[in-house]
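Data block below; observations after.
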Amino acid sequence: MTEATDRTDATGAAAAADLGGVLRALRRQADLSQRELAERAGVPQPTLARIESGRAADPRFRTVERLVRAAGGEVGIGVPEAAPTSPTPAPVPHDDMRDEAGRRYPAHLDVWPVHEPRDWPGAWWAEWYRLPPERYPLPLPPAAYELNRRYRDNRRWAAEVRRTARVRRFTGGGLPDTCWRFVAELPDGELVGELRAHERSPHLEYGGWYAGMPEREMVLDGVLVAAPYRRLGLGRRLVTALITGMRAAGIDGAAALAEGFGIELLLACGFDIEASRPAALRLNPPRRRYG
């Protein structure tokens with residue numbers, strides 16, 4: 001009798017833990033805090049907290065149903081073989097992380113570990129004043145998160161773009177064989193980045209040939225990324241795709257002219273600055289005098 005009771009208690013505890021994980025995942029998917037979900041469902045926030053933590057051994061079905069529906073989920077009974085009508089929410093990535101008091105971090109936020117001051121938005125003092133660790137006015141927390149919903153949405157949007165954007169070489173369409181074009185596309189086909197380059201013969205560039213001179217080299221004509229999608233790594237992916245294609249075609253060298261952030265991009269992709277490179281020149285209109 002005792003063994004059966006223990007088995008039942010263990011099963012109930014596991015079910016409560018699973019239910020808590022599902023609710024946390026639904027809250028993250030809906031971007032709702034515990035207080036916000038509780039208000040939507042008409043359930044006291046402490047009740048939701050006990051269910052998520054597994055401390056509510058036998059929550060009422062009606063309470064669970066109201067919470068799940070308020071978070072955008074659906075409750076099914078006795079139909080395990082049927083296909084779910086809505087996709088299962090992804091688990092909370094930081095569900096195993098705990099703060100100094102041993103509590104879970106809010107499920108609906110994006111939480112990341114803090115290894116150094118720049119990982120913590122509140123540690124501006126360490127970056128500005130270059131303080132050594134022994135002079136930090138505050139101890140670094142084990143993790144940090146962003147409360148501003150607009151920043152949080154931007155982070156998740158950027159992560160989704162990085163995950164789903166596809167870089168491929170574009171061929172055909174009247175493009176000569178010596179011209180290379182790579183594009184960065186979103187799943188719906190929207191073009192958000194482009195790279196163009198062309199092959200040339202160093203023999204023609206230098207007016208002669210000497211032993212060891214390559215037969216072909218690449219000239220990078222330009223890399224363009226749509227303004228909302230910059231600083232997401234798409235430019236680097238385009239350049240990396242070009243270099244990979246070059247190596248597969250037996251082309252080892254490439255030349256490029258860049259300025260501003262373009263220099264940083266190419267240096268990060270393995271380019272070196274040439275001391276003998278051409279100077280960048282610009283013709284500006286004459287300044288007008290007023291008054």
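Letters A, B, ... mark the chains of the structure tokens in the order given; residue numbers begin at 1 per chain; ligand numbers begin at 1, in order shown.
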
Quiz item: Neighbours of Pro278 (chain A) within 12 Å (only C-alpha atoms; same-chain residues fewer than 5 positions away dropped), as a VMD selection string?
Solution: chain A and resid 255 to 258 273

Self-check item: Picked from region 64-273 of chain A by DSSP as helix (DSSP H, G or I), as an NGL selection string
Solution: :A and (64-70 or 117-119 or 124-129 or 133-135 or 149-164 or 202-206 or 227-229 or 234-248 or 261-268)

Counting only C-alpha atoms, which residues of region 61-118 of chain A sit at most 12 Å from some atom of region 36-52 of chain A, and what is each one's closest atom pair with its distance in Å to one decimal, listed by chain and rising residue number, as a Markdown table?
```
| residue | atom | partner | partner_atom | distance |
| --- | --- | --- | --- | --- |
| A:Phe61 | CA | A:Ile51 | CA | 11.7 |
| A:Arg62 | CA | A:Val43 | CA | 10.3 |
| A:Thr63 | CA | A:Val43 | CA | 7.1 |
| A:Val64 | CA | A:Ile51 | CA | 8.7 |
| A:Glu65 | CA | A:Ala41 | CA | 9.0 |
| A:Arg66 | CA | A:Ala41 | CA | 5.4 |
| A:Leu67 | CA | A:Ala41 | CA | 5.3 |
| A:Val68 | CA | A:Ala41 | CA | 8.4 |
| A:Arg69 | CA | A:Ala41 | CA | 7.8 |
| A:Ala70 | CA | A:Ala41 | CA | 5.3 |
| A:Ala71 | CA | A:Leu37 | CA | 6.6 |
| A:Gly72 | CA | A:Leu37 | CA | 10.2 |
| A:Asp95 | CA | A:Glu52 | CA | 11.3 |
| A:Arg103 | CA | A:Ala49 | CA | 11.4 |
| A:Arg104 | CA | A:Glu52 | CA | 10.1 |
| A:Pro106 | CA | A:Ala49 | CA | 11.0 |
| A:Ala107 | CA | A:Glu52 | CA | 10.2 |
| A:His108 | CA | A:Leu37 | CA | 10.7 |
```

Residues of region 138-171 of chain A classed as strand (DSSP E) by DSSP on the backbone are to be reported as an mmCIF file with C-alpha atoms, in the first residue's frame.
```
data_model
loop_
_atom_site.group_PDB
_atom_site.id
_atom_site.type_symbol
_atom_site.label_atom_id
_atom_site.label_comp_id
_atom_site.auth_asym_id
_atom_site.auth_seq_id
_atom_site.Cartn_x
_atom_site.Cartn_y
_atom_site.Cartn_z
ATOM 1 C CA ALA A 143 22.852 36.622 -14.995
ATOM 2 C CA ALA A 144 21.130 39.639 -16.530
ATOM 3 C CA TYR A 145 17.987 40.371 -18.520
ATOM 4 C CA ARG A 166 19.582 32.099 -46.204
ATOM 5 C CA VAL A 167 22.682 33.062 -48.205
ATOM 6 C CA ARG A 168 23.092 31.572 -51.678
ATOM 7 C CA ARG A 169 24.894 32.246 -54.925
ATOM 8 C CA PHE A 170 22.682 33.646 -57.684
#
```

Self-check item: Non-local contacts of Gly270 (chain A) (12 Å; only C-alpha atoms; under 6 positions in same chain excluded) as a list of chain:residue names
Solution: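 Listing them by chain and then by number gives A:Arg236, A:Val239, A:Thr240, A:Ile243, A:Asp252, A:Gly253, A:Ala254, A:Ala255, A:Ile263, A:Glu264.
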
Quiz item: Can you tell me, as a PyMOL selection string, what residues are no more than 10 Å from Glu194 (chain A) when counting only C-alpha atoms, ignoring any on the same chain fewer than 3 positions away?
Solution: chain A and resi 167-170+181-185+191+222-226+234-235+238-239

Exercise. Could you please determine the separation between CA of Ala90 (chain A) and CA of Arg24 (chain A) in Å, to one decimal place?
Key: 9.8 Å
